[in-house]
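Only one structure is covered here, and it is reproduced in the block below.
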Amino acid sequence: MPIEKRWVVKPQGNPEAVAAMAAALGIAPVLANLLVQRGIDTVEKARKFFNPHLSDLHDPFLMKDMDRAVERVERAVRDHEKIMVYGDYDVDGTTAVALVYKFLRHIGHKNLMFYIPDRYTEGYGISIKGIDHAVRKGATLIIALDCGIKAMEKVVYAKNRGVDFIICDHHLPAGEIPAAVAVLDAKRADCSYPFDELSGCGVGFKLVQAYAQKNRIPFSEIEPLLDLLVVSIASDIVPLTGENRILAHYGLSRLNNNPSKGLLSIIKICGLDKHSITIDDIVFKIGPRINAAGRMRMDENDENAAPSGGHAAVNLLIEGDEVQAEEFGSVIDAFNQDRKCIDRSVTQEAHDFIERNPEMKRLKSTVIYNPRWMKGIVGIVASRLIETYYRPTVVLTMSNGFVTGSARSVPGFDLYQAVESCADLLENFGGHMYAAGMTMRPENVEEFTRRFNAYVERNIDPEMLLPQVEIDSDLLFSEITPQFRRDLNRFQPFGPGNAAPVFVTYGASCHGEAKLVGMDCEHLRMDLMQRQKPNTTIQTIAFQQPTHYEWVRSGRPVDVCYQIVENHYRGTVTTQLRIKDIKPVLK
């Protein structure tokens with residue numbers, strides 16, 4: 001049985017402010033209320049929000065060390081030095097590498113290479129193997145993207161071997177900053193850049209923007225790179241506010257109208273070439289395919305194999321030939337199909353294990369270990385387990401003689417602190433409030449499990465173990481007019497900090513047929529009517545919610561909370577409600 005969700009209606013905006021905003025902008029009061037709830041409480045702020053402009057991007061030279069970074073790149077270009085563009089194996093890292101690589105290639109720098117570390121043999125971040133590879137290939141400058149902010153020893157090691165570093169990162173620094181030529185990170189305590197929520201690829205773009213600005217390269221020449229940047233922004237789940245909102249807005253436009261050949265191949269594979277691509281499409285369809293390459297294990301015995309699966313993703317993203325891009329896209333899609341099979345199988349194994357162990361089911365957290373599971377998918381499995389058991393979760397496996405794992409949390413609970421409380425048992429760990437990774441010796445797994453579970457038991461608020469749906473406001477079906485839809489679309493792109501609004505409608509009932517659809521009849525599709533004048537019927541889909549099928553089919557009333565989306569089917573676009581939760585009306 002699914003866990004019952006709590007519905008929490010957000011505080012509503014001041015009625016006078018809402019009415020004034022609605023009148024000034026010519027929009028429905030419900031939409032004006034959304035603006036006020038999001039801190040957009042003046043007409044001027046609203047107009048800026050609805051009309052993002054590239055001219056509102058911040059001067060990249062406001063970022064500490066940007067002048068030094070640009071000067072070092074200029075020298076490398078002028079002297080034809082070999083530059084290695086280095087990045088992490090996830091979507092943010094590979095798009096960042098592709099973006100900077102493509103720019104350097106565009107300005108005519110040919111002495112160029114890129115490097116993505118292998119998840120299984122090198123792990124996250126700057127590796128000695130990567131630096132040694134740069135030395136062997138004659139590189140004298142490494143531009144590190146989406147990693148490096150804590151690579152103090154590695155930067156010194158590289159310097160001693162004649163290799164300079166420019167670090168472009170967006171993670172929180174430690175107390176010490178690496179002794180690189182330049183360290184670009186808006187989260188540095190000594191950096192006064194006005195926006196500190198850029199993705200790693202976003203920091204790379206600011207370096208490109210700064211170089212172009214100083215060398216009088218028109219912005220129109222770097223604008224084509226924004227399709228890569230929006231894929232990074234969406235996939236890395238950074239806030240869609242401020243500068244990210246502007247970059248994502250123009251990136252989506254590029255992705256929809258004139259994407260690079262590599263991204264076009266993925267768009268076609270996903271079946272997204274027939275309708276307008278959204279942030280959700282990137283998060284659930286495009287991003288996972290790029291990510292899959294870095295998750296899969298490569299053939300270590302093949303001397304001709306790419307150094308890492310992430311290399312395949314970058315090869316796709318920098319490819320300019322459409323036929324070759326389609327071949328690379330097929331390879332990436334095959335990685336993703338393999339990844340999905342593996343993560344489904346492992347998730348089922350984990351479910352079965354928990355169900356066979358009643359003691360585990362009674363706990364307020366999950367720690368589960370199997371040395372056979374693939375390292376690259378344990379984070380996905382942790383997220384899947386939360387969907388069922390809704391509690392902080394750690395999934396562990398064996399890699400290179402150590403136990404390694406990923407942890408995921410539920411809203412409100414600080415997972416990083418829970419992991420940090422076990423620091424003496426760990427070889428290393430990192431992360432943030434809602435996601436973390438760790439490595440430990442096999443003999444510490446049992447004690448880690450005991451202490452992690454005990455920490456959660458002591459510190460979690462019981463309410464955090466109940467999933468909740470945050471509702472922006474109530475809405476009548478009759479208010480969902482074409483004009484309302486057009487105005488609501490102006491709130492896009494949706495994401496963290498600007499979430500797609502959730503509305504609630506009370507007392508709706510099925511009008512026509514309700515159906516269970518999907519391979520396992522796991523989704524509920526129905527037309528709902530609200531008997532308010534005028535009576536209005538609307539198409540809905542409730543994913544993974546078959547429970548109330550018999551109740552709905554009988555025509556008995558329900559309250560529903562939902563997001564309003566566009567449904568594309570055989571060239572026809574219709575308004576659809578994506579149901580977040582259903583509550584039968586029992587009176």
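We name chains A, B, ... following the order of the structure tokens; residues begin at 1 in each chain, and ligands are numbered from 1 as shown.
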
With a distance cut-off of 9 Å and only C-alpha atoms, select the neighbouring residues of A:Gln544, excluding the residue or stretch itself and same-chain residues fewer than 4 positions from it, and output the selection as a PDB file with N, CA and C atoms, in the first residue's frame.
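Result file is selection_3.pdb:
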ATOM      1  N   CYS A 521      -0.401  -1.916 -15.582  1.00  0.00           N
ATOM      2  CA  CYS A 521      -1.631  -1.227 -15.153  1.00  0.00           C
ATOM      3  C   CYS A 521      -1.380  -0.404 -13.889  1.00  0.00           C
ATOM      4  N   GLU A 522      -0.241   0.288 -13.873  1.00  0.00           N
ATOM      5  CA  GLU A 522       0.153   1.020 -12.668  1.00  0.00           C
ATOM      6  C   GLU A 522      -0.278   2.494 -12.687  1.00  0.00           C
ATOM      7  N   HIS A 523      -0.802   2.985 -13.814  1.00  0.00           N
ATOM      8  CA  HIS A 523      -1.205   4.389 -13.914  1.00  0.00           C
ATOM      9  C   HIS A 523      -2.719   4.485 -14.096  1.00  0.00           C
ATOM     10  N   LEU A 524      -3.311   5.538 -13.567  1.00  0.00           N
ATOM     11  CA  LEU A 524      -4.764   5.737 -13.645  1.00  0.00           C
ATOM     12  C   LEU A 524      -5.051   6.936 -14.546  1.00  0.00           C
TER      13      LEU A 524
END

task: Tell me, as a PyMOL selection string, which residues lie within 7 Å of stretch 141-146 of chain A, counting only C-alpha atoms; anything in the same chain fewer than 3 positions away does not count.
output: chain A and resi 82-88+92-93+96-97+163-170+200-201+204

- request: Could you please write out, as a ChimeraX atom specification, every residue of stretch 80-231 of chain A that DSSP assigns to helix (DSSP H, G or I)?
  value: /A:91-106,128-136,152-160,200-214,219-221,223-231

query: Do you know which residues are at most 6 Å from stretch 363-368 of chain A counting only C-alpha atoms, after dropping those on the same chain fewer than 5 positions away, and could you put them as a ChimeraX atom specification?
result: /A:391-395,449,453

Could you give me, as a Markdown table, every stretch 18-120 of chain A residue with an atom at most 12 Å from stretch 255-263 of chain A, plus its closest atom pair and distance in Å to one decimal, counting only C-alpha atoms, rows ordered by chain then number?
| residue | atom | partner | partner_atom | distance |
| --- | --- | --- | --- | --- |
| A:Thr95 | CA | A:Leu263 | CA | 10.4 |
| A:Ala98 | CA | A:Gly262 | CA | 10.4 |
| A:Leu99 | CA | A:Ser260 | CA | 11.0 |
| A:Lys102 | CA | A:Ser260 | CA | 10.8 |

Distance query A:Lys150 at most 12 Å, only C-alpha atoms, self and fewer than 6 positions along chain excluded, as a ChimeraX atom specification: /A:124-127,144,156,167-180,183,185,188,430

Could you save those same residues with C-alpha atoms as an mmCIF file, in the first residue's frame?
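Saved the output as part_29.cif:
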data_model
loop_
_atom_site.group_PDB
_atom_site.id
_atom_site.type_symbol
_atom_site.label_atom_id
_atom_site.label_comp_id
_atom_site.auth_asym_id
_atom_site.auth_seq_id
_atom_site.Cartn_x
_atom_site.Cartn_y
_atom_site.Cartn_z
ATOM 1 C CA TYR A 124 35.035 11.592 -8.569
ATOM 2 C CA GLY A 125 37.176 14.679 -9.142
ATOM 3 C CA ILE A 126 40.773 15.304 -10.160
ATOM 4 C CA SER A 127 42.828 12.098 -10.342
ATOM 5 C CA ALA A 144 38.912 21.536 -14.573
ATOM 6 C CA VAL A 156 50.511 20.816 -6.305
ATOM 7 C CA ILE A 167 39.460 25.331 -11.609
ATOM 8 C CA CYS A 168 35.817 26.069 -12.504
ATOM 9 C CA ASP A 169 33.664 24.604 -9.738
ATOM 10 C CA HIS A 170 30.379 25.288 -7.970
ATOM 11 C CA HIS A 171 30.735 23.069 -4.898
ATOM 12 C CA LEU A 172 31.366 24.429 -1.414
ATOM 13 C CA PRO A 173 35.101 24.955 -0.778
ATOM 14 C CA ALA A 174 36.933 23.656 2.279
ATOM 15 C CA GLY A 175 38.877 26.078 4.466
ATOM 16 C CA GLU A 176 41.763 26.083 1.984
ATOM 17 C CA ILE A 177 41.611 27.035 -1.702
ATOM 18 C CA PRO A 178 43.819 25.044 -4.140
ATOM 19 C CA ALA A 179 46.968 26.856 -5.303
ATOM 20 C CA ALA A 180 45.827 26.899 -8.944
ATOM 21 C CA VAL A 183 39.919 29.177 -8.913
ATOM 22 C CA ASP A 185 33.795 29.374 -7.672
ATOM 23 C CA ARG A 188 34.306 31.070 -2.250
ATOM 24 C CA GLY A 430 31.002 14.208 0.772
#

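Neighbours of A:Asp352 closer than or equal to 12 Å, with only C-alpha atoms counted and sequence neighbours fewer than 6 positions away skipped, come out as Ser345, Val346, Pro358, Met360, Lys361, Ile368 and Leu385 of chain A.
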
Write the residues you've just listed into a file as a tab-separated table (two decimals), in the first residue's frame, and include N, CA and C atoms for each of them.
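As written to disk, result_7.tsv reads:
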chain	number	residue	atom	x	y	z
A	345	SER	N	16.61	-4.33	-11.84
A	345	SER	CA	16.93	-5.60	-11.20
A	345	SER	C	17.44	-5.41	-9.78
A	346	VAL	N	18.34	-4.44	-9.60
A	346	VAL	CA	18.92	-4.20	-8.28
A	346	VAL	C	17.86	-3.64	-7.33
A	358	PRO	N	11.62	-8.06	8.55
A	358	PRO	CA	10.67	-7.19	9.26
A	358	PRO	C	11.36	-6.14	10.14
A	360	MET	N	14.07	-4.49	9.51
A	360	MET	CA	14.45	-3.36	8.65
A	360	MET	C	13.24	-2.49	8.35
A	361	LYS	N	12.10	-3.12	8.12
A	361	LYS	CA	10.89	-2.37	7.75
A	361	LYS	C	10.44	-1.46	8.89
A	368	ILE	N	21.44	-0.62	3.25
A	368	ILE	CA	21.42	-1.94	2.62
A	368	ILE	C	22.71	-2.12	1.81
A	385	LEU	N	14.14	3.42	-3.59
A	385	LEU	CA	13.69	2.88	-2.30
A	385	LEU	C	12.94	3.93	-1.49

field: Members of stretch 6-219 of chain A assigned strand (DSSP E) by DSSP, as a VMD selection string
entry: chain A and resid 6 to 9 82 to 87 112 to 115 139 to 145 164 to 168 182 to 184

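Checking A:Ile269, A:Ile282, A:Ala32, A:Val203 one by one against A:Val231, counting only C-alpha atoms, you find the shortest gap at A:Ile282.
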
Pick from A:Glu479, A:Glu122, A:Asp65, A:Asp227 nearest to A:Ile538, counting only C-alpha atoms: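 Among the listed residues, A:Glu479 lies closest to A:Ile538.
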